[in-house]
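Have a look at start-v6.txt below; it lists compact mmCIF, C-alpha atoms.
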```txt
# COMPACT_ATOMS: atom_id res chain seq x y z
CA MET A 6 119.17 116.71 124.87
CA ASP A 7 120.86 114.65 122.14
CA ALA A 8 120.14 111.30 120.52
CA ASN A 9 122.04 109.47 123.25
CA VAL A 10 119.69 110.87 125.90
CA VAL A 11 116.61 109.43 124.18
CA SER A 12 116.47 105.91 125.53
CA LYS A 13 112.78 105.55 126.42
CA VAL A 14 110.03 106.32 123.91
CA GLY A 15 106.30 106.59 124.55
CA ILE A 16 103.85 105.75 121.76
CA LEU A 17 100.21 106.85 122.03
CA GLY A 18 97.79 104.93 119.84
CA SER A 19 97.30 101.22 119.36
CA GLY A 20 96.22 101.09 115.71
CA ILE A 21 98.28 99.91 112.76
CA MET A 22 100.52 102.97 112.95
CA GLY A 23 101.01 102.70 116.71
CA ALA A 24 102.05 99.07 116.36
CA GLY A 25 104.41 99.95 113.53
CA LEU A 26 106.02 102.79 115.49
CA ALA A 27 106.51 100.54 118.52
CA GLU A 28 108.17 97.86 116.38
CA VAL A 29 110.47 100.37 114.65
CA ALA A 30 111.63 101.97 117.91
CA ALA A 31 112.08 98.68 119.78
CA ARG A 32 113.94 97.12 116.86
CA SER A 33 116.31 100.10 116.97
CA GLY A 34 117.14 99.48 120.63
CA PHE A 35 114.82 101.95 122.35
CA GLU A 36 112.76 101.01 125.37
CA VAL A 37 109.13 101.51 124.31
CA VAL A 38 105.94 102.13 126.28
CA VAL A 39 102.73 101.97 124.24
CA ARG A 40 99.63 103.48 125.74
CA SER A 41 96.33 102.06 124.55
CA ARG A 42 92.85 103.10 125.71
CA SER A 43 91.98 99.62 127.00
CA ARG A 44 93.68 96.45 128.16
CA ALA A 45 92.04 94.53 125.35
CA SER A 46 93.42 96.80 122.65
CA ALA A 47 96.83 96.76 124.36
CA ALA A 48 96.87 92.97 124.26
CA ALA A 49 95.75 93.04 120.62
CA LEU A 50 98.59 95.42 119.77
CA MET A 51 101.21 93.10 121.26
CA ALA A 52 99.69 90.16 119.40
CA GLN A 53 99.82 92.15 116.17
CA ILE A 54 103.48 93.04 116.65
CA ASP A 55 104.33 89.45 117.55
CA ARG A 56 102.59 88.12 114.43
CA GLY A 57 104.48 90.56 112.22
CA LEU A 58 107.82 89.64 113.74
CA ALA A 59 107.02 85.91 113.54
CA LYS A 60 106.40 86.27 109.80
CA GLN A 61 109.80 87.90 109.43
CA VAL A 62 111.38 84.96 111.27
CA GLU A 63 109.60 82.54 108.91
CA ARG A 64 110.97 84.44 105.91
CA GLY A 65 114.50 84.38 107.30
CA LYS A 66 114.67 88.16 107.73
CA LEU A 67 114.93 87.92 111.53
CA ASP A 68 116.17 85.31 113.98
CA ASP A 69 114.00 84.19 116.87
CA ASP A 70 116.33 85.54 119.57
CA THR A 71 116.14 89.01 118.04
CA ARG A 72 112.35 88.72 117.85
CA LYS A 73 112.23 88.00 121.59
CA GLU A 74 114.58 90.91 122.35
CA ILE A 75 112.37 93.32 120.39
CA LEU A 76 109.25 92.17 122.24
CA GLU A 77 111.00 92.46 125.61
CA ARG A 78 111.67 96.15 124.94
CA ILE A 79 107.96 96.88 124.51
CA THR A 80 105.52 97.32 127.38
CA VAL A 81 101.88 98.28 127.03
CA THR A 82 99.60 100.19 129.37
CA ASP A 83 96.08 101.58 129.40
CA HIS A 84 97.17 104.42 131.70
CA LEU A 85 98.54 107.69 130.25
CA GLY A 86 100.80 108.04 133.27
CA GLY A 87 102.80 105.11 131.92
CA VAL A 88 104.67 107.49 129.58
CA ALA A 89 105.56 110.00 132.32
CA ASP A 90 109.29 109.27 132.38
CA CYS A 91 109.75 108.88 128.61
CA ASP A 92 112.37 111.04 126.91
CA LEU A 93 110.23 111.32 123.80
CA VAL A 94 106.45 110.83 123.50
CA LEU A 95 105.04 110.38 120.01
CA GLU A 96 101.27 110.44 119.56
CA SER A 97 99.52 108.67 116.72
CA VAL A 98 95.88 108.97 117.72
CA VAL A 99 92.90 109.92 115.54
CA GLU A 100 93.59 112.72 113.03
CA ASP A 101 91.40 115.27 114.80
CA LEU A 102 92.83 118.60 115.94
CA ALA A 103 90.55 118.97 118.97
CA VAL A 104 91.44 115.48 120.20
CA LYS A 105 95.15 116.12 119.76
CA ARG A 106 94.99 119.52 121.48
CA ALA A 107 93.33 117.97 124.52
CA LEU A 108 95.89 115.17 124.55
CA PHE A 109 98.87 117.56 124.48
CA ALA A 110 97.38 119.61 127.31
CA GLU A 111 97.11 116.40 129.32
CA LEU A 112 100.63 115.26 128.42
CA GLU A 113 102.00 118.59 129.63
CA GLN A 114 100.80 117.69 133.13
CA ILE A 115 102.17 114.14 132.99
CA VAL A 116 105.41 113.88 131.01
CA LYS A 117 108.63 114.98 132.72
CA PRO A 118 109.63 118.58 131.83
CA SER A 119 112.66 117.49 129.79
CA GLY A 120 110.56 115.18 127.60
CA ILE A 121 109.89 116.01 123.98
CA LEU A 122 106.25 115.84 122.89
CA ALA A 123 105.76 114.95 119.23
CA SER A 124 102.91 114.29 116.84
CA ASN A 125 102.76 111.82 113.97
CA THR A 126 100.09 113.92 112.23
CA SER A 127 100.33 114.00 108.45
CA THR A 128 98.72 117.41 107.99
CA LEU A 129 97.56 119.21 111.15
CA PRO A 130 99.42 122.31 112.48
CA ILE A 131 102.04 121.41 115.08
CA VAL A 132 102.11 124.92 116.52
CA ASP A 133 98.48 124.51 117.67
CA LEU A 134 99.57 121.48 119.69
CA ALA A 135 102.69 123.19 121.02
CA MET A 136 100.63 126.05 122.42
CA GLN A 137 98.61 123.65 124.57
CA THR A 138 101.76 123.12 126.63
CA GLN A 139 104.16 125.10 128.80
CA ARG A 140 107.08 123.73 126.74
CA PRO A 141 106.35 124.81 123.14
CA GLU A 142 110.07 124.76 122.39
CA ARG A 143 110.04 121.00 123.07
CA VAL A 144 107.16 120.13 120.71
CA CYS A 145 107.58 119.07 117.07
CA GLY A 146 106.21 116.76 114.41
CA ILE A 147 107.76 113.37 113.67
CA HIS A 148 105.74 112.05 110.73
CA PHE A 149 106.37 108.39 109.93
CA PHE A 150 104.64 106.90 106.90
CA ASN A 151 102.48 103.77 106.87
CA PRO A 152 103.59 101.00 107.21
CA ALA A 153 106.23 102.42 109.54
CA PRO A 154 108.53 99.33 109.55
CA VAL A 155 108.77 99.47 105.74
CA MET A 156 108.63 103.12 104.68
CA LYS A 157 112.01 104.86 104.80
CA LEU A 158 110.95 108.50 105.05
CA VAL A 159 110.24 110.54 108.19
CA GLU A 160 109.27 114.21 108.06
CA ILE A 161 110.60 116.21 111.02
CA VAL A 162 108.23 119.16 111.32
CA ARG A 163 109.47 122.41 112.85
CA PRO A 164 106.79 124.74 114.24
CA LEU A 165 107.77 128.37 114.87
CA THR A 166 108.13 127.58 118.56
CA ALA A 167 110.51 124.60 118.41
CA SER A 168 114.14 124.90 119.46
CA ASP A 169 117.06 123.74 117.31
CA GLU A 170 117.87 121.23 120.05
CA THR A 171 114.42 119.64 119.79
CA ILE A 172 114.60 119.37 115.99
CA ASP A 173 118.12 117.93 116.15
CA THR A 174 117.05 115.36 118.74
CA ALA A 175 113.97 114.35 116.72
CA THR A 176 116.09 114.03 113.58
CA SER A 177 118.67 111.91 115.41
CA PHE A 178 115.89 109.68 116.75
CA ALA A 179 114.48 109.09 113.25
CA THR A 180 117.97 108.39 111.90
CA ALA A 181 118.63 105.95 114.74
CA CYS A 182 115.45 104.15 113.65
CA GLY A 183 117.04 103.61 110.24
CA LYS A 184 114.95 106.24 108.49
CA ASP A 185 115.74 109.01 106.03
CA ALA A 186 114.76 112.19 107.87
CA VAL A 187 113.87 115.45 106.15
CA GLN A 188 113.24 118.69 108.04
CA VAL A 189 110.18 120.64 106.92
CA ALA A 190 108.32 123.77 107.95
CA ASP A 191 105.02 123.55 109.82
CA ARG A 192 102.69 124.05 106.86
CA ALA A 193 99.67 121.86 106.14
CA GLY A 194 100.65 118.67 104.34
CA PHE A 195 104.37 119.30 104.93
CA VAL A 196 106.16 118.01 101.78
CA VAL A 197 104.72 114.66 100.79
CA ASN A 198 100.99 115.17 101.33
CA ALA A 199 101.04 118.73 100.00
CA LEU A 200 102.33 117.35 96.70
CA LEU A 201 100.54 113.99 96.73
CA PHE A 202 96.94 114.87 97.52
CA PRO A 203 96.28 117.36 94.70
CA TYR A 204 97.39 114.54 92.37
CA LEU A 205 95.03 112.03 94.02
CA ASN A 206 92.17 114.54 94.09
CA ASN A 207 92.65 115.41 90.41
CA ALA A 208 92.70 111.73 89.48
CA VAL A 209 89.20 111.39 90.95
CA ARG A 210 88.16 114.58 89.15
CA MET A 211 89.45 113.10 85.88
CA TYR A 212 87.42 109.95 86.55
CA GLU A 213 84.32 112.07 87.28
CA HIS A 214 84.77 113.86 83.93
CA GLY A 215 84.94 110.55 82.08
CA THR A 216 88.46 110.95 80.73
CA ALA A 217 89.21 107.30 81.51
CA SER A 218 88.12 104.49 83.81
CA LYS A 219 89.71 104.20 87.23
CA ASP A 220 91.47 101.00 86.14
CA ASP A 221 92.94 102.69 83.09
CA ILE A 222 94.02 105.74 85.09
CA ASP A 223 95.77 103.46 87.58
CA THR A 224 97.41 101.50 84.75
CA ALA A 225 98.51 104.72 83.04
CA MET A 226 100.20 106.15 86.14
CA LYS A 227 101.95 102.88 86.94
CA GLY A 228 103.17 102.35 83.39
CA GLY A 229 103.76 105.97 82.45
CA CYS A 230 105.35 107.25 85.67
CA ASN A 231 106.69 103.98 87.09
CA PHE A 232 104.64 104.48 90.26
CA PRO A 233 104.19 101.28 92.33
CA MET A 234 100.41 101.79 92.37
CA GLY A 235 97.86 104.04 90.74
CA PRO A 236 95.97 106.86 92.46
CA PHE A 237 92.76 104.89 93.13
CA ALA A 238 94.59 101.93 94.66
CA LEU A 239 96.58 104.40 96.77
CA LEU A 240 93.45 106.23 97.94
CA ASP A 241 91.99 102.90 99.04
CA LEU A 242 95.20 102.10 100.91
CA VAL A 243 95.33 105.47 102.68
CA GLY A 244 91.59 105.43 103.42
CA LEU A 245 89.09 107.73 101.78
CA ASP A 246 88.04 109.26 105.11
CA THR A 247 91.67 110.04 105.92
CA SER A 248 92.17 111.43 102.42
CA VAL A 249 89.19 113.78 102.74
CA ALA A 250 90.43 114.96 106.15
CA ILE A 251 93.87 115.71 104.70
CA LEU A 252 92.39 117.56 101.73
CA ASP A 253 90.13 119.59 104.02
CA ALA A 254 93.12 120.61 106.15
CA LEU A 255 95.09 121.60 103.05
CA TYR A 256 92.16 123.61 101.68
CA ASP A 257 91.59 125.35 105.02
CA GLU A 258 95.18 126.58 105.00
CA PHE A 259 95.82 127.40 101.33
CA ARG A 260 92.32 127.92 99.79
CA ASP A 261 93.59 126.33 96.58
CA PRO A 262 90.76 124.66 94.58
CA ASN A 263 93.03 121.68 93.90
CA TYR A 264 92.77 120.85 97.61
CA ALA A 265 88.96 120.91 97.82
CA PRO A 266 87.81 117.25 97.92
CA VAL A 267 85.86 116.35 94.79
CA PRO A 268 82.22 115.28 95.34
CA THR A 269 82.83 111.58 94.64
CA LEU A 270 85.23 111.34 97.58
CA ARG A 271 82.78 112.89 100.03
CA ARG A 272 79.91 110.71 98.84
CA MET A 273 81.97 107.54 99.14
CA VAL A 274 82.93 108.45 102.70
CA SER A 275 79.27 109.12 103.52
CA ALA A 276 78.42 105.67 102.15
CA GLY A 277 81.08 104.04 104.32
CA HIS A 278 83.19 103.05 101.30
CA LEU A 279 86.51 103.92 102.92
CA GLY A 280 88.89 101.65 101.02
CA ARG A 281 90.80 98.65 102.34
CA LYS A 282 89.81 99.33 105.95
CA SER A 283 86.10 98.85 105.16
CA GLY A 284 86.51 96.23 102.45
CA ARG A 285 85.23 98.54 99.72
CA GLY A 286 86.42 101.77 98.18
CA PHE A 287 87.21 102.35 94.53
CA TYR A 288 87.91 98.60 94.51
CA SER A 289 86.55 95.70 96.59
CA TYR A 290 88.74 93.80 99.06
```

Taking this structure as input, can you express it in the form of C-alpha cells?
Amino acid sequence: MDANVVSKVGILGSGIMGAGLAEVAARSGFEVVVRSRSRASAAALMAQIDRGLAKQVERGKLDDDTRKEILERITVTDHLGGVADCDLVLESVVEDLAVKRALFAELEQIVKPSGILASNTSTLPIVDLAMQTQRPERVCGIHFFNPAPVMKLVEIVRPLTASDETIDTATSFATACGKDAVQVADRAGFVVNALLFPYLNNAVRMYEHGTASKDDIDTAMKGGCNFPMGPFALLDLVGLDTSVAILDALYDEFRDPNYAPVPTLRRMVSAGHLGRKSGRGFYSY
C-alpha cells in the first residue's frame, strides 16, 4: 500500500481531537468516516467542525465553497461497521490501554484485511494494540498533537511488529495532511512527551518547594526560554488528568523518579481541578 491507495480514512472518537483529525484529513482531500458512540455526539461533532470552518471563512483564511467541499467529504456514524472499508483507521478514544485493546480486537473483525489500524495515543505501547489483531504488521501509531488543524508535528510510531510498508504509508498520509512527520520507536512518550512531561512535573515540584509562584515560573519560562506558554498554563491546556496518565505510563516503563507524578497533580485531579476542560486547574477559566 502507498499514499495513493489511502483514499478513505476512518476516525474513531468524537471529542476535540476526533473533530480536528476529521477536519485535517478532509481538508487534505481524503474521504472521512467518523464513528461516534451516539447520534447526538455525531451531530455535535459535525456542528463543531462546521463552526470552526465558518470562523476561518470569516477571517478570510478559507472560501465558502472550500468549506462546503470539506464538509461533504465527512460522514458520521454511530456504528463501528461504518469504517469497514477504510484504507486507514485512526482511533482517538479515551487514553486507557484496556479500552484501546478491546477496540483493536473489534476492529480486526470489522476492517478489511488490507486496512491499516492506527492509534493516536500519546504514550501507550502500540505493540500491545497490534497483538490484539491478526495483522500486527499493519498496526502503528500516528500521533497528531492538539489542536490537530494547527499543530504541524505528527509522530509516526513503529512497534516491533510493523512493516516498513505500513510505516511508509502512515508517514505519507501525515505528509499529505500537510504535517511534519517524524518516525519514532515504540517507547512510552515517544519523543515529545518523554521530554516534555519531566519538565512539567518538575515545574510543579519546584512550585511545591516554594522556589517561586506558579505565575513567576510561567513568566520565567516564557521570557527565559521563549516558550509560547509556561508549564502551568500548558498543564491546564493538556488537562491534569491526561498529564497524570501520561506520567504514570512513563513511570511504569522507565521507573525514573522524574516521571512519578508529584502529589499536587494527583490531589488536583482528585478534586476535579483538571484545567481548562473543567474550568479550574492551576488557573481559573

Which stretch 10-111 of chain A residues have any atom within 8 Å of an atom of stretch 182-194 of chain A, and for each, what is the nearest pair of atoms with distance in Å to one decimal, counting only C-alpha atoms, rows sorted by chain and number, as CSV?
```
residue,atom,partner,partner_atom,distance
A:Val29,CA,A:Cys182,CA,6.3
A:Ala30,CA,A:Cys182,CA,6.1
A:Arg32,CA,A:Cys182,CA,7.9
A:Ser33,CA,A:Cys182,CA,5.3
```

message = Please return as number ranges by chain every residue within 12 Å of (111.2, 105.6, 124.0), taking into account all atoms listed in the file and the file's own coordinates.
response = A: 8-17, 26-40, 78-80, 87-96, 120-123, 175, 178-179, 181-182

query = Which polymer residues have any atom within 10 Å of an atom of A:Asp55, counting only C-alpha atoms, with same-chain residues fewer than 5 positions away left out, as a ChimeraX atom specification?
reply = /A:24,28,49-50,60-61,72-73,75-76

Write to file, as a compact mmCIF listing (two decimals), keeping the file's coordinate frame, the residues of the selection just made, with C-alpha atoms.
```
# COMPACT_ATOMS: atom_id res chain seq x y z
CA ALA A 24 102.05 99.07 116.36
CA GLU A 28 108.17 97.86 116.38
CA ALA A 49 95.75 93.04 120.62
CA LEU A 50 98.59 95.42 119.77
CA LYS A 60 106.40 86.27 109.80
CA GLN A 61 109.80 87.90 109.43
CA ARG A 72 112.35 88.72 117.85
CA LYS A 73 112.23 88.00 121.59
CA ILE A 75 112.37 93.32 120.39
CA LEU A 76 109.25 92.17 122.24
```

message = Using all atoms listed in the file - which residues lie no farther than 12 Å from the point (97.9, 102.1, 97.7) in the file's frame? Write them as a list of chain:residue names.
response = A:Asn151, A:Pro152, A:Leu205, A:Asp223, A:Lys227, A:Phe232, A:Pro233, A:Met234, A:Gly235, A:Pro236, A:Phe237, A:Ala238, A:Leu239, A:Leu240, A:Asp241, A:Leu242, A:Val243, A:Gly244, A:Leu245, A:Ser248, A:Gly280, A:Arg281, A:Lys282, A:Gly286, A:Phe287, A:Tyr288

Separation of atom CA of A:Leu270 from atom CA of A:Thr126, in Å and rounded to one decimal = 21.0 Å

request  = Check the smallest atom-to-atom distance from each of A:Val99, A:Val196, A:Ala153, A:Val132 to A:Thr166 using all atoms listed in the file, then report the winner.
outcome  = A:Val132

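Across the model, the gap from atom CA of A:Leu165 to atom CA of A:Tyr256 is 21.0 Å.
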
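Each of A:Cys230, A:Arg64, A:Asn206, A:Gly23 was checked against A:Pro154 using all atoms listed in the file; the smallest atom-to-atom distance is that of A:Gly23.
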